[in-house]
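Source file: model31.txt; contents: compact mmCIF, C-alpha atoms.
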# COMPACT_ATOMS: atom_id res chain seq x y z
CA MET A 1 103.81 -138.70 86.60
CA SER A 2 107.06 -136.75 86.57
CA ARG A 3 109.11 -139.07 84.33
CA ASP A 4 106.89 -138.57 81.34
CA ARG A 5 106.82 -134.84 81.88
CA GLU A 6 110.60 -134.79 81.82
CA GLN A 7 110.52 -136.74 78.57
CA GLY A 8 108.15 -134.19 77.14
CA THR A 9 105.13 -136.50 76.94
CA PRO A 10 102.18 -134.78 78.60
CA VAL A 11 99.89 -136.62 80.98
CA ARG A 12 96.38 -136.35 79.61
CA ALA A 13 93.12 -137.01 81.38
CA ARG A 14 89.57 -137.26 80.06
CA VAL A 15 86.43 -137.61 82.16
CA CYS A 16 84.02 -140.12 80.61
CA PRO A 17 80.41 -139.07 81.25
CA GLY A 18 78.99 -141.34 83.95
CA GLY A 19 82.18 -143.40 83.85
CA PRO A 20 85.83 -143.29 84.86
CA LEU A 21 88.70 -140.87 84.30
CA LEU A 22 90.84 -141.97 81.35
CA LEU A 23 94.49 -141.26 82.08
CA ARG A 24 97.27 -141.38 79.51
CA GLY A 25 100.99 -140.97 80.10
CA ALA A 26 100.98 -141.45 83.89
CA ASP A 27 103.50 -143.65 85.77
CA GLU A 28 101.43 -144.18 88.88
CA VAL A 29 98.15 -143.32 90.55
CA VAL A 30 98.09 -142.59 94.29
CA ASP A 31 94.85 -143.76 95.91
CA ALA A 32 92.90 -142.16 98.77
CA ASP A 33 94.98 -144.04 101.34
CA GLY A 34 98.22 -142.69 99.92
CA ARG A 35 99.26 -145.94 98.24
CA ALA A 36 100.87 -145.66 94.83
CA HIS A 37 99.60 -147.99 92.10
CA GLU A 38 101.89 -148.50 89.14
CA VAL A 39 100.44 -147.85 85.69
CA THR A 40 101.20 -150.87 83.48
CA ARG A 41 99.12 -150.15 80.38
CA PRO A 42 99.18 -147.31 77.86
CA VAL A 43 95.93 -145.86 79.16
CA VAL A 44 94.17 -146.57 82.43
CA ALA A 45 90.64 -145.91 83.70
CA VAL A 46 90.50 -144.49 87.23
CA CYS A 47 87.24 -145.10 89.11
CA LEU A 48 85.19 -141.97 89.75
CA CYS A 49 81.96 -143.57 90.99
CA GLY A 50 83.59 -145.04 94.11
CA ALA A 51 81.91 -148.41 93.67
CA THR A 52 84.72 -150.32 91.97
CA GLY A 53 85.97 -153.56 93.41
CA ARG A 54 89.47 -152.98 91.99
CA ALA A 55 90.32 -149.48 93.30
CA PRO A 56 91.75 -147.25 92.07
CA TRP A 57 90.90 -148.77 88.68
CA CYS A 58 87.47 -148.83 87.06
CA ASP A 59 85.85 -152.28 86.85
CA GLY A 60 82.72 -151.23 84.99
CA THR A 61 80.51 -151.20 88.10
CA HIS A 62 79.32 -147.67 87.29
CA ALA A 63 77.20 -149.18 84.51
CA ARG A 64 75.21 -151.22 87.03
CA ILE A 65 74.58 -148.19 89.25
CA ARG A 66 74.11 -145.82 86.32
CA GLY A 67 70.68 -144.73 87.44
CA ALA A 68 72.31 -143.08 90.44
CA ALA A 69 75.38 -141.77 88.64
CA PRO A 70 75.54 -138.16 87.48
CA GLY A 71 76.25 -137.17 83.91
CA ARG A 72 74.29 -139.80 82.01
CA SER A 73 71.70 -138.58 79.59
CA MET B 1 96.13 -176.39 62.50
CA HIS B 2 94.63 -178.81 60.02
CA LEU B 3 91.43 -178.40 58.06
CA PRO B 4 88.40 -179.43 60.12
CA SER B 5 85.96 -182.24 59.35
CA THR B 6 83.19 -181.34 56.91
CA ARG B 7 79.63 -180.79 58.13
CA GLY B 8 77.67 -180.98 54.89
CA PRO B 9 77.93 -180.44 51.15
CA VAL B 10 78.99 -176.78 51.29
CA SER B 11 81.82 -177.20 53.79
CA GLU B 12 82.84 -180.37 51.96
CA ALA B 13 83.20 -178.47 48.68
CA VAL B 14 84.96 -175.46 50.26
CA ILE B 15 87.38 -177.59 52.26
CA ALA B 16 88.15 -179.69 49.16
CA THR B 17 88.96 -176.48 47.26
CA VAL B 18 91.18 -175.21 50.06
CA ARG B 19 92.97 -178.52 50.23
CA SER B 20 93.58 -179.10 46.51
CA GLY B 21 92.71 -175.91 44.66
CA ASP B 22 90.99 -177.74 41.83
CA ALA B 23 87.52 -178.47 43.20
CA ALA B 24 84.88 -175.81 42.55
CA PRO B 25 82.88 -174.55 45.55
CA PRO B 26 79.11 -174.76 45.16
CA PRO B 27 77.28 -171.67 43.94
CA PRO B 28 75.41 -170.36 47.00
CA ALA B 29 72.11 -170.06 45.18
CA ASP B 30 69.03 -169.05 47.19
CA LEU B 31 70.38 -169.70 50.64
CA ASP B 32 67.49 -169.43 53.06
CA ALA B 33 68.29 -168.15 56.54
CA GLU B 34 68.33 -171.61 58.08
CA VAL B 35 70.95 -172.85 55.62
CA LEU B 36 72.91 -169.59 55.67
CA LEU B 37 73.17 -169.62 59.48
CA GLY B 38 73.56 -173.39 59.76
CA GLU B 39 76.79 -175.12 60.70
CA ASP B 40 77.61 -176.33 57.18
CA VAL B 41 77.76 -172.85 55.60
CA GLN B 42 79.16 -171.17 58.73
CA LEU B 43 82.00 -173.70 58.99
CA ALA B 44 82.73 -173.24 55.27
CA LEU B 45 82.85 -169.47 55.72
CA TRP B 46 85.04 -169.81 58.82
CA VAL B 47 87.49 -171.94 56.84
CA ALA B 48 87.53 -169.44 53.97
CA HIS B 49 88.21 -166.56 56.38
CA GLU B 50 90.81 -168.48 58.36
CA LEU B 51 93.06 -168.54 55.31
CA GLY B 52 93.70 -164.85 56.09
CA TYR B 53 94.68 -165.51 59.72
CA ARG B 54 96.91 -168.47 60.66
CA GLY B 55 95.71 -170.73 57.84
CA PHE B 56 95.92 -174.52 57.65
CA ASP B 57 98.92 -176.81 57.38
CA ASP B 58 97.11 -178.91 54.77
CA ALA B 59 95.80 -176.04 52.59
CA THR B 60 97.11 -175.54 49.06
CA PRO B 61 99.67 -172.69 49.20
CA ASP B 62 97.67 -170.03 47.36
CA ALA B 63 94.19 -171.01 48.61
CA GLU B 64 93.69 -167.50 50.03
CA ARG B 65 93.61 -166.11 46.47
CA ASP B 66 91.67 -168.93 44.80
CA VAL B 67 89.28 -167.05 42.52
CA ASP B 68 86.46 -169.58 42.79
CA LEU B 69 86.73 -169.53 46.55
CA LEU B 70 86.73 -165.71 46.62
CA ARG B 71 83.68 -165.64 44.38
CA TRP B 72 81.87 -168.08 46.65
CA ARG B 73 82.85 -166.12 49.76
CA HIS B 74 81.77 -162.85 48.17
CA ALA B 75 78.29 -164.23 47.47
CA VAL B 76 77.84 -165.77 50.94
CA GLU B 77 79.15 -162.64 52.66
CA ASP B 78 76.66 -160.50 50.75
CA GLU B 79 73.81 -162.82 51.75
CA LEU B 80 74.98 -162.76 55.35
CA GLU B 81 75.32 -158.98 55.43
CA GLN B 82 71.83 -158.61 53.97
CA HIS B 83 70.42 -160.97 56.59
CA LEU B 84 72.21 -159.15 59.43
CA ARG B 85 71.09 -155.72 58.24
CA ALA B 86 67.48 -156.90 58.24
CA SER B 87 67.70 -158.59 61.63
CA THR B 88 69.27 -155.55 63.33
CA ALA B 89 67.32 -152.81 61.52
CA GLU B 90 64.91 -152.21 64.38
CA ALA B 91 67.62 -151.97 67.05
CA VAL B 92 69.71 -149.63 64.87
CA ALA B 93 66.73 -147.38 64.07
CA SER B 94 65.86 -147.16 67.75
CA ALA B 95 69.44 -146.24 68.72
CA GLN B 96 69.61 -143.60 65.98
CA GLU B 97 66.99 -141.59 67.86
CA GLN B 98 68.97 -141.56 71.11
CA GLY B 99 71.55 -139.27 72.68
CA ARG B 100 73.83 -136.51 71.47
CA ASP B 101 76.58 -138.45 69.76
CA VAL B 102 77.61 -141.87 68.52
CA ALA B 103 78.99 -142.86 71.95
CA ASP B 104 75.56 -142.16 73.50
CA ARG B 105 73.85 -144.13 70.76
CA LEU B 106 76.21 -147.08 71.18
CA ARG B 107 75.57 -147.00 74.92
CA SER B 108 71.86 -147.03 74.26
CA LEU B 109 72.19 -150.05 71.95
CA VAL B 110 74.16 -151.90 74.62
CA ASP B 111 71.70 -150.99 77.38
CA ASP B 112 68.74 -152.12 75.28
CA GLY B 113 70.54 -155.15 73.89
CA PRO B 114 69.66 -158.77 74.59
CA SER B 115 70.76 -160.13 77.95
CA THR B 116 71.90 -163.69 78.48
CA PRO B 117 72.02 -165.83 81.62
CA LEU B 118 75.30 -167.55 80.68
CA ALA B 119 77.75 -165.48 82.76
CA ARG B 120 75.51 -165.58 85.82
CA HIS B 121 75.16 -169.35 85.43
CA LEU B 122 78.93 -169.76 85.20
CA GLN B 123 79.37 -167.55 88.24
CA ARG B 124 76.90 -169.30 90.51
CA HIS B 125 75.86 -172.74 89.35
CA ALA B 126 78.04 -174.26 86.63
CA THR B 127 80.00 -177.41 87.33
CA ARG B 128 83.71 -177.61 86.64
CA GLU B 129 82.96 -179.53 83.43
CA GLU B 130 80.54 -176.83 82.30
CA VAL B 131 83.18 -174.17 82.87
CA LEU B 132 85.63 -176.22 80.80
CA THR B 133 83.07 -176.51 78.00
CA PHE B 134 82.71 -172.72 78.05
CA LEU B 135 86.50 -172.27 77.88
CA ARG B 136 86.72 -174.61 74.87
CA GLU B 137 83.85 -172.85 73.06
CA ARG B 138 85.42 -169.40 73.50
CA SER B 139 88.90 -170.58 72.48
CA VAL B 140 88.02 -170.27 68.80
CA TYR B 141 88.04 -166.50 69.20
CA HIS B 142 90.27 -165.81 72.18
CA LEU B 143 93.28 -167.55 70.64
CA LYS B 144 93.19 -164.91 67.90
CA GLU B 145 91.85 -162.15 70.08
CA SER B 146 91.75 -158.73 68.36
CA ASP B 147 93.17 -159.98 65.07
CA PRO B 148 89.95 -159.23 63.13
CA HIS B 149 89.66 -155.72 64.59
CA ALA B 150 93.31 -154.94 63.83
CA ALA B 151 92.28 -154.72 60.15
CA ALA B 152 90.60 -151.39 60.91
CA LEU B 153 93.98 -149.77 61.59
CA ALA B 154 94.65 -149.61 57.87
CA HIS B 155 91.18 -148.23 57.17
CA LEU B 156 91.21 -145.37 59.68
CA ASP B 157 93.29 -142.23 60.00
CA GLY B 158 93.98 -139.48 62.52
CA PRO B 159 92.80 -139.68 66.16
CA ALA B 160 90.68 -142.82 65.56
CA LYS B 161 93.73 -144.67 64.20
CA VAL B 162 95.87 -143.56 67.16
CA ALA B 163 93.22 -144.67 69.68
CA LEU B 164 92.79 -148.06 67.98
CA ALA B 165 96.57 -148.56 67.97
CA GLU B 166 96.59 -147.74 71.68
CA LEU B 167 93.86 -150.30 72.40
CA LEU B 168 95.54 -152.94 70.24
CA TYR B 169 98.91 -152.32 71.92
CA ASP B 170 97.24 -153.26 75.20
CA GLU B 171 95.53 -156.32 73.65
CA TYR B 172 98.83 -157.41 72.16
CA GLY B 173 100.69 -157.30 75.46
CA GLY B 174 101.95 -153.70 75.67
CA GLY B 175 105.40 -154.71 74.44
CA ARG B 176 105.52 -157.87 76.62
CA PRO B 177 104.91 -161.16 74.79
CA GLU B 178 103.85 -162.83 78.04
CA ARG B 179 100.96 -160.33 78.31
CA LEU B 180 99.59 -160.95 74.81
CA HIS B 181 95.91 -161.60 75.49
CA SER B 182 95.71 -164.62 73.21
CA HIS B 183 98.72 -165.99 75.09
CA LEU B 184 96.97 -165.39 78.42
CA TYR B 185 94.04 -167.41 77.08
CA ALA B 186 96.35 -170.22 75.99
CA GLU B 187 97.83 -170.22 79.49
CA ALA B 188 94.32 -170.37 80.93
CA LEU B 189 93.50 -173.39 78.73
CA GLU B 190 96.71 -175.17 79.72
CA ALA B 191 96.15 -174.49 83.41
CA ALA B 192 92.66 -175.97 83.03
CA GLY B 193 94.13 -179.11 81.45
CA LEU B 194 92.78 -178.26 77.99
CA ASP B 195 94.44 -178.15 74.56
CA ALA B 196 95.87 -174.65 73.99
CA GLY B 197 96.55 -175.31 70.31
CA TYR B 198 95.17 -172.69 67.92
CA GLY B 199 91.85 -173.93 66.53
CA ALA B 200 91.96 -177.10 68.65
CA TYR B 201 88.25 -176.98 69.46
CA VAL B 202 86.80 -175.80 66.16
CA GLU B 203 85.53 -179.34 65.59
CA GLU B 204 83.18 -179.15 68.55
CA VAL B 205 81.72 -175.64 68.31
CA GLY B 206 78.32 -175.08 66.76
CA ALA B 207 76.91 -172.73 64.16
CA SER B 208 76.21 -169.86 66.56
CA THR B 209 79.82 -169.65 67.78
CA LEU B 210 81.10 -169.91 64.21
CA LEU B 211 78.74 -167.08 63.21
CA SER B 212 79.97 -164.98 66.13
CA ASN B 213 83.50 -165.38 64.75
CA ASN B 214 82.52 -164.98 61.11
CA VAL B 215 80.80 -161.61 61.48
CA MET B 216 84.10 -160.12 62.67
CA SER B 217 85.88 -161.40 59.57
CA LEU B 218 82.99 -160.30 57.37
CA PHE B 219 83.49 -156.73 58.64
CA ALA B 220 87.28 -156.94 58.69
CA ARG B 221 87.78 -158.08 55.12
CA GLN B 222 85.96 -155.23 53.41
CA ARG B 223 87.08 -151.64 53.84
CA ARG B 224 83.50 -150.63 53.02
CA LEU B 225 82.44 -152.18 56.34
CA ARG B 226 85.08 -150.46 58.53
CA GLY B 227 82.36 -148.63 60.46
CA ALA B 228 80.72 -151.95 61.31
CA LEU B 229 84.09 -153.36 62.39
CA ILE B 230 84.76 -150.64 64.96
CA GLY B 231 81.09 -150.71 66.02
CA HIS B 232 81.48 -154.44 66.65
CA LEU B 233 84.56 -153.75 68.76
CA ALA B 234 82.63 -151.11 70.72
CA ALA B 235 79.81 -153.49 71.61
CA PHE B 236 82.25 -156.29 72.41
CA GLU B 237 84.26 -154.15 74.82
CA ALA B 238 81.21 -152.49 76.36
CA THR B 239 79.67 -155.86 77.27
CA SER B 240 82.82 -157.48 78.61
CA THR B 241 83.64 -156.31 82.14
CA ASP B 242 80.55 -157.56 83.98
CA PRO B 243 80.55 -161.07 82.39
CA CYS B 244 84.34 -161.37 82.87
CA ARG B 245 83.99 -160.55 86.56
CA ARG B 246 81.27 -163.20 86.95
CA ILE B 247 83.17 -165.82 84.93
CA ALA B 248 86.34 -165.26 86.99
CA ALA B 249 84.29 -165.78 90.16
CA GLY B 250 82.80 -168.98 88.73
CA ILE B 251 86.22 -170.30 87.76
CA GLU B 252 87.45 -169.69 91.30
CA ARG B 253 84.29 -171.26 92.75
CA VAL B 254 84.85 -174.58 90.92
CA GLY B 255 88.49 -174.62 92.03
CA LEU B 256 90.35 -174.22 88.74
CA PRO B 257 93.90 -172.81 88.99
CA ASP B 258 94.51 -169.08 89.31
CA ALA B 259 95.93 -168.85 85.80
CA VAL B 260 92.47 -169.72 84.43
CA ALA B 261 90.75 -166.88 86.27
CA ALA B 262 93.68 -164.53 85.56
CA TYR B 263 92.64 -164.10 81.92
CA PHE B 264 89.18 -162.93 82.99
CA HIS B 265 90.47 -160.72 85.81
CA GLU B 266 92.76 -159.02 83.29
CA HIS B 267 89.76 -158.38 81.07
CA VAL B 268 87.71 -156.77 83.81
CA GLU B 269 90.36 -154.09 84.13
CA ALA B 270 91.48 -153.89 80.50
CA ASP B 271 87.99 -153.79 79.03
CA ALA B 272 86.83 -151.12 81.47
CA VAL B 273 89.52 -148.99 79.78
CA HIS B 274 88.91 -150.26 76.27
CA GLU B 275 85.17 -149.57 76.52
CA GLN B 276 85.86 -145.87 77.06
CA VAL B 277 88.59 -145.73 74.43
CA VAL B 278 86.51 -147.43 71.75
CA LEU B 279 83.31 -145.47 72.35
CA GLY B 280 84.80 -142.00 72.56
CA ASP B 281 88.25 -142.09 71.01
CA ILE B 282 87.80 -144.68 68.24
CA CYS B 283 84.14 -144.54 67.20
CA GLY B 284 83.67 -140.92 68.27
CA SER B 285 86.72 -139.73 66.34
CA ALA B 286 86.02 -141.90 63.30
CA VAL B 287 82.45 -140.59 63.03
CA ALA B 288 83.59 -137.00 63.62
CA ALA B 289 85.98 -137.41 60.69
CA ASP B 290 83.41 -139.16 58.49
CA PRO B 291 79.80 -138.81 59.68
CA ALA B 292 78.66 -141.24 56.98
CA LEU B 293 80.25 -144.05 59.02
CA GLU B 294 77.85 -143.73 61.92
CA ASP B 295 75.03 -145.92 60.62
CA ASP B 296 77.47 -148.78 60.04
CA VAL B 297 79.08 -148.27 63.47
CA LEU B 298 75.63 -148.84 64.99
CA PHE B 299 74.99 -151.75 62.62
CA GLY B 300 78.22 -153.50 63.63
CA ALA B 301 77.48 -152.99 67.31
CA ALA B 302 73.95 -154.34 66.93
CA VAL B 303 75.28 -157.40 65.09
CA CYS B 304 77.81 -158.10 67.85
CA LEU B 305 75.15 -157.85 70.55
CA GLN B 306 72.74 -160.06 68.62
CA VAL B 307 75.05 -162.87 67.51
CA ASP B 308 77.06 -163.03 70.74
CA ALA B 309 73.92 -163.18 72.88
CA ALA B 310 72.56 -165.90 70.60
CA ALA B 311 75.78 -167.91 70.91
CA SER B 312 75.73 -167.49 74.69
CA ASP B 313 72.08 -168.58 74.83
CA VAL B 314 72.80 -171.69 72.78
CA LEU B 315 75.71 -172.62 75.04
CA TYR B 316 73.64 -171.93 78.16
CA ALA B 317 70.88 -174.20 76.84
CA GLU B 318 73.42 -176.94 76.15
CA LEU B 319 75.02 -176.62 79.57
CA THR B 320 71.74 -176.71 81.44
CA ALA B 321 69.97 -179.33 79.31
CA THR B 322 72.44 -182.17 79.69
CA PRO B 323 74.12 -183.63 82.74
CA ALA B 324 77.75 -182.57 83.17
CA ARG B 325 79.97 -184.43 80.75
CA ALA B 326 82.72 -186.75 81.80
CA ALA B 327 86.21 -185.28 81.61
CA GLY B 328 87.34 -184.40 78.11
Please express the file's structure as structure tokens.
Amino acid sequence: MSRDREQGTPVRARVCPGGPLLLRGADEVVDADGRAHEVTRPVVAVCLCGATGRAPWCDGTHARIRGAAPGRS
Amino acid sequence: MHLPSTRGPVSEAVIATVRSGDAAPPPPADLDAEVLLGEDVQLALWVAHELGYRGFDDATPDAERDVDLLRWRHAVEDELEQHLRASTAEAVASAQEQGRDVADRLRSLVDDGPSTPLARHLQRHATREEVLTFLRERSVYHLKESDPHAAALAHLDGPAKVALAELLYDEYGGGRPERLHSHLYAEALEAAGLDAGYGAYVEEVGASTLLSNNVMSLFARQRRLRGALIGHLAAFEATSTDPCRRIAAGIERVGLPDAVAAYFHEHVEADAVHEQVVLGDICGSAVAADPALEDDVLFGAAVCLQVDAAASDVLYAELTATPARAAG
């Protein structure tokens, strides 16, 4: 994430209730195994539910397990 | 693209006007729902709207501003809007009573929306020919993916405008022409041995797919309906990841090349992002800036869910009612 910081563009993150973490301005996301995944789009959704099939990115699976996910009204 | 074949008296009159500029379109007097939603009127409306996208090689140069054509379109669009407001009123009223904010209410609409067996069928049972039929049917929209929704950029301001620009930047390739989503779809068609030409399969799609395309243009062409346009985008994105995942699996199951599935894999990941951006950052910000927009945001979302499920159901019925077609 350092490059964007040096350029003065802040990295911003927003937690979506019951969904992923929206991340803007990052260069890469390091997963639980220490592997770096390059960010190739202006904003990415990082899985928070742990059930994605495309880790570390969200693939919408949280919607199918929503009954068990916290934060949904 | 050339003007399509006519499908009845209304499309015949509209296409004649577009081609020559001197034939008067029919007055759309007392269109009952069956006629309004039928393929003759829906094709005519699609042609009239298309003049504002890529247009037709054989259209008269200023057909887009033909006053008779605009008057006809105005009347049909009003009839269509009236019909759609009535048919979605119950779903919208139910969503209005849910949640804390517009994102919650959109989510509730999507959760309670109609479900369709099409994606599951494509994933598990469809033949290769059925998958190709699906790809042709969806090409009418995916070859101009996001172009209708881009109209909302000019209608919005502030954080909602910024978030829509961010989403569109991704849809339009993020600065890389080879990643333009409509281009990815064209590559998918080519890899599947199909015609990737813009509008190549308009001739073979039915009224429900034309309607699914026309509602986007209906919302896009009137600033008054900007709330419905972003609501439509919200429902579209929020119902995309699961079907795209299933469709990609079906494409791989029937042995089509990787480039065909690639479009759908891209949309699993992209639309998981876009869903969050459109619910919170586009619709949430737009409604925060102008609370009067919210009812139309829900209306547009309900229309998307209704007409897209109907189009999927029609295609599913076609795929499962007839034996797989021969190639082509």
Within 8 Å of range 309-319 of chain B, counting only C-alpha atoms, which residues show up once you throw out same-chain ones fewer than 3 positions away? Write them as a list of chain:residue names, please. B:Pro114, B:Ser115, B:Thr116, B:Pro117, B:Leu118, B:His121, B:Glu130, B:Phe134, B:Ser208, B:Thr209, B:Ser212, B:Leu305, B:Gln306, B:Thr322, B:Pro323, B:Ala324
Using CA of Thr60 in chain B and CA of Arg19 in chain B as the two end points, give the distance in Å to one decimal.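 That distance, rounded to one decimal, is 5.2 Å.
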Chain B contacts to chain A at 6 Å (all atoms listed in the file) as number ranges by chain: B: 241, 268-269, 272-273
Around the point (89.7, -167.2, 42.0) in the file's coordinates, collect all residues with an atom within 12 Å, using only C-alpha atoms, and return them as an MDAnalysis selection string. chainID B and resid 17:18 21:25 62:74
If we count only C-alpha atoms, what is near Leu135 in chain B at a cut-off of 10 Å, once residues fewer than 2 positions away on the same chain are taken out, given as an MDAnalysis selection string? chainID B and resid 129:133 137:140 142 185 188:189 192 194 201 260
Between CA of Asp308 in chain B and CA of Thr239 in chain B, measure the distance and give it in Å to one decimal.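 Separating CA of Asp308 in chain B from CA of Thr239 in chain B is a distance of 10.0 Å.
With CA of Ala13 in chain B on one side and CA of Tyr198 in chain B on the other, the separation reads 23.4 Å.
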Of the candidates B:Glu204, B:Ala165, B:Arg107, B:Ala262, which shows the shortest atom-to-atom distance to Glu237 in chain B, using only C-alpha atoms?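 Of B:Glu204, B:Ala165, B:Arg107, B:Ala262, the one nearest Glu237 in chain B, counting only C-alpha atoms, is B:Arg107.
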Could you give me, as a VMD selection string, the residues within 8 Å of Glu38 in chain A, counting all atoms listed in the file and dropping anything in the same chain fewer than 4 positions from it? chain A and resid 27 to 29
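Excluding Asp281 in chain B and any residue on its chain fewer than 3 positions from it, the residues at most 10 Å away by only C-alpha atoms are Ala103, Pro159, Ala160, Lys161, Val162, Ala163, Leu164, His274, Glu275, Gln276, Val277, Val278, Gly284, Ser285, Ala286 and Val287 of chain B.
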Missing atoms in range 34-54 of chain A: fill them in up to N, CA and C atoms and send the result as a PDB file, keeping the file's coordinate frame.
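The result, written out as selection.pdb:
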ATOM      1  N   GLY A  34      96.825-143.072 100.108  1.00  0.00           N
ATOM      2  CA  GLY A  34      98.220-142.690  99.920  1.00  0.00           C
ATOM      3  C   GLY A  34      99.083-143.765  99.274  1.00  0.00           C
ATOM      4  N   ARG A  35      98.476-144.876  98.879  1.00  0.00           N
ATOM      5  CA  ARG A  35      99.260-145.940  98.240  1.00  0.00           C
ATOM      6  C   ARG A  35      99.392-145.676  96.749  1.00  0.00           C
ATOM      7  N   ALA A  36     100.614-145.874  96.256  1.00  0.00           N
ATOM      8  CA  ALA A  36     100.870-145.660  94.830  1.00  0.00           C
ATOM      9  C   ALA A  36     100.616-146.955  94.054  1.00  0.00           C
ATOM     10  N   HIS A  37      99.871-146.839  92.970  1.00  0.00           N
ATOM     11  CA  HIS A  37      99.600-147.990  92.100  1.00  0.00           C
ATOM     12  C   HIS A  37     100.283-147.748  90.760  1.00  0.00           C
ATOM     13  N   GLU A  38     101.141-148.662  90.382  1.00  0.00           N
ATOM     14  CA  GLU A  38     101.890-148.500  89.140  1.00  0.00           C
ATOM     15  C   GLU A  38     100.961-148.631  87.926  1.00  0.00           C
ATOM     16  N   VAL A  39     101.190-147.778  86.945  1.00  0.00           N
ATOM     17  CA  VAL A  39     100.440-147.850  85.690  1.00  0.00           C
ATOM     18  C   VAL A  39     101.183-148.789  84.746  1.00  0.00           C
ATOM     19  N   THR A  40     100.511-149.866  84.303  1.00  0.00           N
ATOM     20  CA  THR A  40     101.200-150.870  83.480  1.00  0.00           C
ATOM     21  C   THR A  40     100.616-150.962  82.072  1.00  0.00           C
ATOM     22  N   ARG A  41      99.668-150.111  81.741  1.00  0.00           N
ATOM     23  CA  ARG A  41      99.120-150.150  80.380  1.00  0.00           C
ATOM     24  C   ARG A  41      99.133-148.739  79.795  1.00  0.00           C
ATOM     25  N   PRO A  42      99.007-148.631  78.481  1.00  0.00           N
ATOM     26  CA  PRO A  42      99.180-147.310  77.860  1.00  0.00           C
ATOM     27  C   PRO A  42      98.147-146.281  78.308  1.00  0.00           C
ATOM     28  N   VAL A  43      96.967-146.759  78.644  1.00  0.00           N
ATOM     29  CA  VAL A  43      95.930-145.860  79.160  1.00  0.00           C
ATOM     30  C   VAL A  43      95.196-146.610  80.257  1.00  0.00           C
ATOM     31  N   VAL A  44      94.882-145.924  81.334  1.00  0.00           N
ATOM     32  CA  VAL A  44      94.170-146.570  82.430  1.00  0.00           C
ATOM     33  C   VAL A  44      92.871-145.811  82.712  1.00  0.00           C
ATOM     34  N   ALA A  45      91.914-146.511  83.321  1.00  0.00           N
ATOM     35  CA  ALA A  45      90.640-145.910  83.700  1.00  0.00           C
ATOM     36  C   ALA A  45      90.580-145.874  85.223  1.00  0.00           C
ATOM     37  N   VAL A  46      90.540-144.669  85.784  1.00  0.00           N
ATOM     38  CA  VAL A  46      90.500-144.490  87.230  1.00  0.00           C
ATOM     39  C   VAL A  46      89.048-144.328  87.656  1.00  0.00           C
ATOM     40  N   CYS A  47      88.633-145.125  88.638  1.00  0.00           N
ATOM     41  CA  CYS A  47      87.240-145.100  89.110  1.00  0.00           C
ATOM     42  C   CYS A  47      86.862-143.719  89.634  1.00  0.00           C
ATOM     43  N   LEU A  48      85.719-143.219  89.207  1.00  0.00           N
ATOM     44  CA  LEU A  48      85.190-141.970  89.750  1.00  0.00           C
ATOM     45  C   LEU A  48      83.896-142.188  90.533  1.00  0.00           C
ATOM     46  N   CYS A  49      83.257-143.351  90.340  1.00  0.00           N
ATOM     47  CA  CYS A  49      81.960-143.570  90.990  1.00  0.00           C
ATOM     48  C   CYS A  49      82.125-144.068  92.420  1.00  0.00           C
ATOM     49  N   GLY A  50      83.325-144.578  92.744  1.00  0.00           N
ATOM     50  CA  GLY A  50      83.590-145.040  94.110  1.00  0.00           C
ATOM     51  C   GLY A  50      83.111-146.455  94.393  1.00  0.00           C
ATOM     52  N   ALA A  51      82.505-147.095  93.408  1.00  0.00           N
ATOM     53  CA  ALA A  51      81.910-148.410  93.670  1.00  0.00           C
ATOM     54  C   ALA A  51      82.755-149.566  93.134  1.00  0.00           C
ATOM     55  N   THR A  52      83.911-149.253  92.566  1.00  0.00           N
ATOM     56  CA  THR A  52      84.720-150.320  91.970  1.00  0.00           C
ATOM     57  C   THR A  52      85.212-151.324  93.011  1.00  0.00           C
ATOM     58  N   GLY A  53      85.385-152.543  92.546  1.00  0.00           N
ATOM     59  CA  GLY A  53      85.970-153.560  93.410  1.00  0.00           C
ATOM     60  C   GLY A  53      87.468-153.694  93.200  1.00  0.00           C
ATOM     61  N   ARG A  54      88.036-152.886  92.310  1.00  0.00           N
ATOM     62  CA  ARG A  54      89.470-152.980  91.990  1.00  0.00           C
ATOM     63  C   ARG A  54      90.139-151.607  92.107  1.00  0.00           C
TER      64      ARG A  54
END
